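J.: What follows is coords-v3.txt; its format and atoms are compact mmCIF, N, CA and C atoms.
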```
# COMPACT_ATOMS: atom_id res chain seq x y z
N MET A 1 0.83 -1.21 0.00
CA MET A 1 0.00 0.00 0.00
C MET A 1 0.86 1.26 0.00
N GLY A 2 1.41 1.61 1.15
CA GLY A 2 2.26 2.79 1.25
C GLY A 2 1.47 4.09 1.31
N LYS A 3 2.18 5.20 1.48
CA LYS A 3 1.60 6.55 1.52
C LYS A 3 0.49 6.70 2.57
N GLY A 4 0.68 6.09 3.71
CA GLY A 4 -0.29 6.25 4.80
C GLY A 4 -1.59 5.50 4.58
N GLY A 5 -1.59 4.56 3.62
CA GLY A 5 -2.78 3.76 3.34
C GLY A 5 -3.18 2.86 4.49
N PHE A 6 -2.25 2.65 5.43
CA PHE A 6 -2.55 1.80 6.59
C PHE A 6 -3.75 2.32 7.37
N LYS A 7 -4.01 3.63 7.31
CA LYS A 7 -5.13 4.21 8.05
C LYS A 7 -6.47 3.68 7.55
N GLU A 8 -6.47 3.15 6.32
CA GLU A 8 -7.68 2.57 5.75
C GLU A 8 -7.92 1.13 6.25
N LEU A 9 -6.87 0.51 6.78
CA LEU A 9 -6.99 -0.87 7.24
C LEU A 9 -7.85 -0.92 8.51
N LYS A 10 -8.91 -1.73 8.47
CA LYS A 10 -9.80 -1.89 9.63
C LYS A 10 -9.01 -2.35 10.86
N VAL A 11 -8.07 -3.26 10.64
CA VAL A 11 -7.30 -3.80 11.76
C VAL A 11 -6.41 -2.73 12.39
N TRP A 12 -5.90 -1.81 11.57
CA TRP A 12 -5.12 -0.69 12.13
C TRP A 12 -6.02 0.20 12.98
N GLN A 13 -7.22 0.50 12.46
CA GLN A 13 -8.17 1.34 13.19
C GLN A 13 -8.53 0.71 14.54
N LYS A 14 -8.78 -0.60 14.53
CA LYS A 14 -9.13 -1.31 15.76
C LYS A 14 -7.95 -1.33 16.73
N GLY A 15 -6.75 -1.49 16.20
CA GLY A 15 -5.54 -1.46 17.04
C GLY A 15 -5.33 -0.10 17.68
N LYS A 16 -5.52 0.95 16.89
CA LYS A 16 -5.38 2.32 17.39
C LYS A 16 -6.44 2.59 18.45
N ASP A 17 -7.68 2.17 18.19
CA ASP A 17 -8.77 2.37 19.16
C ASP A 17 -8.50 1.61 20.46
N LEU A 18 -7.92 0.42 20.34
CA LEU A 18 -7.59 -0.36 21.54
C LEU A 18 -6.55 0.40 22.37
N ALA A 19 -5.54 0.97 21.71
CA ALA A 19 -4.50 1.73 22.42
C ALA A 19 -5.12 2.90 23.18
N VAL A 20 -6.04 3.62 22.54
CA VAL A 20 -6.72 4.74 23.19
C VAL A 20 -7.51 4.23 24.40
N TYR A 21 -8.21 3.11 24.22
CA TYR A 21 -8.99 2.52 25.31
C TYR A 21 -8.10 2.11 26.48
N ILE A 22 -6.96 1.48 26.17
CA ILE A 22 -6.01 1.06 27.21
C ILE A 22 -5.52 2.29 27.99
N TYR A 23 -5.20 3.37 27.30
CA TYR A 23 -4.80 4.60 27.99
C TYR A 23 -5.90 5.07 28.93
N GLN A 24 -7.15 5.04 28.46
CA GLN A 24 -8.26 5.50 29.29
C GLN A 24 -8.44 4.64 30.53
N ILE A 25 -8.41 3.33 30.38
CA ILE A 25 -8.68 2.45 31.53
C ILE A 25 -7.50 2.34 32.49
N THR A 26 -6.31 2.75 32.05
CA THR A 26 -5.15 2.69 32.95
C THR A 26 -4.88 4.05 33.60
N ASN A 27 -5.77 4.99 33.35
CA ASN A 27 -5.62 6.36 33.85
C ASN A 27 -6.23 6.57 35.22
N THR A 28 -6.96 5.56 35.73
CA THR A 28 -7.69 5.75 36.99
C THR A 28 -7.40 4.61 37.97
N GLY A 29 -7.74 4.84 39.21
CA GLY A 29 -7.67 3.80 40.24
C GLY A 29 -6.27 3.29 40.49
N ASP A 30 -6.21 2.05 41.00
CA ASP A 30 -4.92 1.43 41.34
C ASP A 30 -4.04 1.24 40.11
N PHE A 31 -4.69 0.99 38.96
CA PHE A 31 -3.92 0.76 37.73
C PHE A 31 -3.03 1.97 37.42
N SER A 32 -3.54 3.17 37.64
CA SER A 32 -2.78 4.38 37.31
C SER A 32 -1.53 4.52 38.19
N LYS A 33 -1.54 3.87 39.36
CA LYS A 33 -0.41 4.00 40.30
C LYS A 33 0.63 2.88 40.12
N ASP A 34 0.25 1.83 39.38
CA ASP A 34 1.19 0.73 39.13
C ASP A 34 1.94 1.04 37.84
N TYR A 35 2.99 1.86 37.99
CA TYR A 35 3.68 2.38 36.81
C TYR A 35 4.25 1.29 35.92
N GLY A 36 4.75 0.23 36.52
CA GLY A 36 5.34 -0.87 35.75
C GLY A 36 4.35 -1.51 34.81
N LEU A 37 3.27 -2.04 35.37
CA LEU A 37 2.25 -2.72 34.56
C LEU A 37 1.54 -1.74 33.64
N ARG A 38 1.24 -0.56 34.15
CA ARG A 38 0.55 0.45 33.35
C ARG A 38 1.35 0.80 32.09
N ASP A 39 2.64 1.08 32.28
CA ASP A 39 3.47 1.47 31.14
C ASP A 39 3.67 0.31 30.16
N GLN A 40 3.77 -0.90 30.70
CA GLN A 40 3.98 -2.06 29.85
C GLN A 40 2.78 -2.35 28.97
N ILE A 41 1.57 -2.31 29.53
CA ILE A 41 0.37 -2.59 28.74
C ILE A 41 0.13 -1.47 27.73
N ARG A 42 0.48 -0.23 28.11
CA ARG A 42 0.35 0.89 27.17
C ARG A 42 1.31 0.73 26.00
N ARG A 43 2.56 0.38 26.28
CA ARG A 43 3.54 0.19 25.21
C ARG A 43 3.11 -0.93 24.26
N ALA A 44 2.64 -2.03 24.84
CA ALA A 44 2.20 -3.17 24.02
C ALA A 44 1.01 -2.77 23.15
N ALA A 45 0.08 -2.01 23.72
CA ALA A 45 -1.11 -1.58 22.96
C ALA A 45 -0.73 -0.65 21.81
N VAL A 46 0.14 0.30 22.09
CA VAL A 46 0.60 1.25 21.06
C VAL A 46 1.35 0.50 19.95
N SER A 47 2.06 -0.53 20.35
CA SER A 47 2.86 -1.32 19.43
C SER A 47 2.01 -2.07 18.39
N ILE A 48 0.77 -2.40 18.72
CA ILE A 48 -0.10 -3.12 17.78
C ILE A 48 -0.30 -2.27 16.51
N ALA A 49 -0.89 -1.08 16.67
CA ALA A 49 -1.16 -0.21 15.52
C ALA A 49 0.13 0.24 14.85
N SER A 50 1.18 0.50 15.65
CA SER A 50 2.46 0.95 15.10
C SER A 50 3.06 -0.10 14.17
N ASN A 51 3.04 -1.36 14.59
CA ASN A 51 3.60 -2.42 13.76
C ASN A 51 2.77 -2.69 12.51
N ILE A 52 1.45 -2.54 12.62
CA ILE A 52 0.59 -2.70 11.44
C ILE A 52 0.94 -1.61 10.42
N ALA A 53 1.06 -0.38 10.91
CA ALA A 53 1.42 0.75 10.04
C ALA A 53 2.78 0.53 9.40
N GLU A 54 3.76 0.16 10.22
CA GLU A 54 5.11 -0.05 9.70
C GLU A 54 5.14 -1.18 8.68
N GLY A 55 4.45 -2.26 8.98
CA GLY A 55 4.41 -3.39 8.05
C GLY A 55 3.78 -3.00 6.73
N ASP A 56 2.69 -2.26 6.80
CA ASP A 56 1.98 -1.86 5.59
C ASP A 56 2.81 -0.94 4.71
N GLU A 57 3.70 -0.19 5.30
CA GLU A 57 4.56 0.73 4.54
C GLU A 57 5.79 0.03 3.95
N ARG A 58 6.04 -1.20 4.33
CA ARG A 58 7.21 -1.93 3.83
C ARG A 58 7.09 -2.26 2.34
N GLU A 59 8.24 -2.47 1.71
CA GLU A 59 8.28 -2.70 0.26
C GLU A 59 7.70 -4.06 -0.15
N THR A 60 8.00 -5.09 0.64
CA THR A 60 7.59 -6.44 0.23
C THR A 60 6.60 -7.03 1.22
N ASP A 61 5.80 -7.98 0.72
CA ASP A 61 4.85 -8.68 1.58
C ASP A 61 5.58 -9.43 2.68
N LYS A 62 6.75 -10.00 2.33
CA LYS A 62 7.54 -10.75 3.30
C LYS A 62 7.91 -9.86 4.50
N GLU A 63 8.36 -8.64 4.20
CA GLU A 63 8.69 -7.68 5.26
C GLU A 63 7.43 -7.29 6.04
N ALA A 64 6.35 -7.01 5.31
CA ALA A 64 5.09 -6.60 5.94
C ALA A 64 4.62 -7.66 6.93
N ILE A 65 4.67 -8.91 6.50
CA ILE A 65 4.19 -10.03 7.33
C ILE A 65 4.95 -10.10 8.65
N ARG A 66 6.27 -9.84 8.61
CA ARG A 66 7.07 -9.83 9.83
C ARG A 66 6.49 -8.87 10.87
N TYR A 67 6.12 -7.68 10.42
CA TYR A 67 5.57 -6.67 11.32
C TYR A 67 4.15 -7.02 11.77
N PHE A 68 3.40 -7.67 10.91
CA PHE A 68 2.05 -8.09 11.30
C PHE A 68 2.14 -9.16 12.40
N TYR A 69 3.17 -10.01 12.32
CA TYR A 69 3.39 -10.98 13.40
C TYR A 69 3.79 -10.28 14.70
N PHE A 70 4.60 -9.21 14.60
CA PHE A 70 4.94 -8.43 15.80
C PHE A 70 3.67 -7.87 16.43
N ALA A 71 2.77 -7.35 15.57
CA ALA A 71 1.52 -6.77 16.06
C ALA A 71 0.68 -7.84 16.76
N LYS A 72 0.65 -9.05 16.18
CA LYS A 72 -0.08 -10.18 16.76
C LYS A 72 0.50 -10.52 18.14
N GLY A 73 1.81 -10.51 18.23
CA GLY A 73 2.49 -10.76 19.51
C GLY A 73 2.14 -9.71 20.55
N SER A 74 2.08 -8.46 20.12
CA SER A 74 1.74 -7.37 21.03
C SER A 74 0.30 -7.49 21.52
N SER A 75 -0.59 -7.97 20.64
CA SER A 75 -1.98 -8.19 21.02
C SER A 75 -2.07 -9.26 22.12
N ALA A 76 -1.29 -10.32 21.97
CA ALA A 76 -1.25 -11.38 22.99
C ALA A 76 -0.67 -10.84 24.31
N GLU A 77 0.29 -9.93 24.18
CA GLU A 77 0.90 -9.28 25.35
C GLU A 77 -0.14 -8.44 26.11
N VAL A 78 -0.91 -7.64 25.37
CA VAL A 78 -1.96 -6.81 25.99
C VAL A 78 -2.96 -7.70 26.71
N LEU A 79 -3.36 -8.79 26.05
CA LEU A 79 -4.34 -9.70 26.66
C LEU A 79 -3.78 -10.32 27.94
N THR A 80 -2.54 -10.77 27.90
CA THR A 80 -1.89 -11.36 29.08
C THR A 80 -1.85 -10.36 30.23
N GLN A 81 -1.45 -9.14 29.94
CA GLN A 81 -1.34 -8.12 30.97
C GLN A 81 -2.72 -7.72 31.51
N ALA A 82 -3.74 -7.75 30.63
CA ALA A 82 -5.11 -7.47 31.07
C ALA A 82 -5.62 -8.57 31.99
N ILE A 83 -5.27 -9.82 31.69
CA ILE A 83 -5.65 -10.95 32.56
C ILE A 83 -5.06 -10.74 33.95
N ILE A 84 -3.79 -10.39 33.99
CA ILE A 84 -3.11 -10.15 35.27
C ILE A 84 -3.78 -8.98 36.00
N ALA A 85 -4.03 -7.89 35.28
CA ALA A 85 -4.66 -6.70 35.87
C ALA A 85 -6.05 -7.04 36.43
N TYR A 86 -6.77 -7.87 35.71
CA TYR A 86 -8.10 -8.29 36.16
C TYR A 86 -7.99 -9.14 37.43
N GLU A 87 -7.06 -10.10 37.41
CA GLU A 87 -6.92 -11.02 38.55
C GLU A 87 -6.42 -10.33 39.82
N ILE A 88 -5.69 -9.23 39.68
CA ILE A 88 -5.24 -8.51 40.88
C ILE A 88 -6.19 -7.36 41.25
N GLY A 89 -7.29 -7.26 40.50
CA GLY A 89 -8.33 -6.32 40.88
C GLY A 89 -8.24 -4.93 40.28
N TYR A 90 -7.38 -4.73 39.29
CA TYR A 90 -7.26 -3.42 38.64
C TYR A 90 -8.38 -3.17 37.64
N LEU A 91 -8.90 -4.25 37.04
CA LEU A 91 -9.95 -4.11 36.02
C LEU A 91 -11.22 -4.80 36.47
N LYS A 92 -12.35 -4.17 36.22
CA LYS A 92 -13.65 -4.80 36.44
C LYS A 92 -13.85 -5.85 35.35
N GLN A 93 -14.71 -6.82 35.62
CA GLN A 93 -14.92 -7.90 34.66
C GLN A 93 -15.36 -7.40 33.29
N GLU A 94 -16.29 -6.45 33.26
CA GLU A 94 -16.80 -5.98 31.96
C GLU A 94 -15.70 -5.27 31.16
N THR A 95 -14.84 -4.54 31.84
CA THR A 95 -13.71 -3.87 31.17
C THR A 95 -12.73 -4.90 30.65
N PHE A 96 -12.43 -5.90 31.48
CA PHE A 96 -11.53 -6.97 31.05
C PHE A 96 -12.10 -7.69 29.82
N LYS A 97 -13.38 -8.03 29.86
CA LYS A 97 -14.03 -8.73 28.74
C LYS A 97 -13.93 -7.92 27.45
N GLU A 98 -14.09 -6.61 27.57
CA GLU A 98 -13.97 -5.71 26.42
C GLU A 98 -12.57 -5.78 25.81
N VAL A 99 -11.54 -5.70 26.66
CA VAL A 99 -10.15 -5.79 26.20
C VAL A 99 -9.91 -7.15 25.55
N GLU A 100 -10.37 -8.21 26.22
CA GLU A 100 -10.19 -9.57 25.72
C GLU A 100 -10.81 -9.73 24.33
N GLN A 101 -12.04 -9.29 24.19
CA GLN A 101 -12.76 -9.42 22.91
C GLN A 101 -12.03 -8.66 21.80
N ARG A 102 -11.56 -7.45 22.12
CA ARG A 102 -10.84 -6.65 21.12
C ARG A 102 -9.53 -7.31 20.71
N CYS A 103 -8.78 -7.84 21.67
CA CYS A 103 -7.51 -8.50 21.36
C CYS A 103 -7.72 -9.73 20.48
N ILE A 104 -8.74 -10.52 20.80
CA ILE A 104 -9.03 -11.72 20.02
C ILE A 104 -9.43 -11.33 18.59
N GLU A 105 -10.25 -10.29 18.47
CA GLU A 105 -10.68 -9.83 17.16
C GLU A 105 -9.49 -9.33 16.32
N ILE A 106 -8.63 -8.51 16.92
CA ILE A 106 -7.46 -7.97 16.23
C ILE A 106 -6.54 -9.10 15.79
N SER A 107 -6.32 -10.05 16.67
CA SER A 107 -5.45 -11.19 16.36
C SER A 107 -6.00 -11.99 15.18
N GLY A 108 -7.30 -12.20 15.16
CA GLY A 108 -7.93 -12.92 14.06
C GLY A 108 -7.82 -12.16 12.74
N MET A 109 -8.02 -10.86 12.80
CA MET A 109 -7.90 -10.02 11.60
C MET A 109 -6.47 -10.03 11.08
N LEU A 110 -5.50 -10.02 12.00
CA LEU A 110 -4.09 -10.08 11.59
C LEU A 110 -3.77 -11.42 10.94
N SER A 111 -4.33 -12.50 11.47
CA SER A 111 -4.12 -13.82 10.86
C SER A 111 -4.60 -13.83 9.41
N LYS A 112 -5.76 -13.22 9.19
CA LYS A 112 -6.32 -13.14 7.82
C LYS A 112 -5.44 -12.27 6.92
N LEU A 113 -4.96 -11.16 7.46
CA LEU A 113 -4.11 -10.26 6.70
C LEU A 113 -2.79 -10.95 6.33
N ILE A 114 -2.21 -11.67 7.29
CA ILE A 114 -0.97 -12.41 7.07
C ILE A 114 -1.19 -13.46 5.97
N SER A 115 -2.30 -14.16 6.07
CA SER A 115 -2.56 -15.20 5.08
C SER A 115 -2.83 -14.59 3.69
N ALA A 116 -3.49 -13.44 3.63
CA ALA A 116 -3.72 -12.76 2.34
C ALA A 116 -2.40 -12.28 1.71
N ARG A 117 -1.52 -11.77 2.56
CA ARG A 117 -0.22 -11.25 2.07
C ARG A 117 0.78 -12.38 1.78
N SER A 118 0.46 -13.59 2.23
CA SER A 118 1.39 -14.72 2.03
C SER A 118 1.20 -15.37 0.65
N LYS A 119 0.12 -15.05 -0.02
CA LYS A 119 -0.21 -15.70 -1.30
C LYS A 119 0.67 -15.21 -2.44
```
Reformat the file's structure so that it appears as structure tokens.
T.:
Amino acid sequence: MGKGGFKELKVWQKGKDLAVYIYQITNTGDFSKDYGLRDQIRRAAVSIASNIAEGDERETDKEAIRYFYFAKGSSAEVLTQAIIAYEIGYLKQETFKEVEQRCIEISGMLSKLISARSK
């Protein structure tokens, strides 16, 4: 694609929205005071959309796919950290479920994108 076309990708939009959501939910309560976990989940969330954008701007599908896998890994990281945050009481169940659903959706979309670019 190139030339900022990544902004048209639904998976990029969902990744960016997830990052914004993660910032919002880590801004309050005990989560906001746990700088380690808070910063880690924020970095992982930002990394999803960033890697999708970077991959989409790459010259070859092979290069692009590498970054899409990084994004998939970051999505798994966000989910793992959200599970921990939920289990230690930083996230309410409904908030956790929202993060979980979004991560699973993004990961599935990335799998489809990887498979489309692999052909």
J.: As number ranges by chain, please: every residue in range 2-117 of chain A that a backbone DSSP assignment puts in alpha helix (DSSP H).
T.: A: 10-25, 29-33, 35-57, 61-87, 93-117
J.: Counting only C-alpha atoms, figure out which residue out of A:Lys62, A:Lys33, A:Lys97, A:Arg102 gets nearest to Ala76 in chain A.
T.: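 For Ala76 in chain A, the nearest of the given residues is A:Arg102.
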J.: Could you check which of A:Glu8, A:Glu105, A:Glu54, A:Asp61 is closest to Ser118 in chain A, using only C-alpha atoms?
T.: A:Asp61
J.: In Å to one decimal, how far is atom N of Glu59 in chain A from atom C of Leu18 in chain A?
T.: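 Calculated distance between atom C of Leu18 in chain A and atom N of Glu59 in chain A is 25.6 Å.
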J.: Quick one: distance from atom C of Gly108 in chain A to atom N of Gly36 in chain A in Å, one decimal?
T.: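 Calculated distance between atom C of Gly108 in chain A and atom N of Gly36 in chain A is 29.6 Å.
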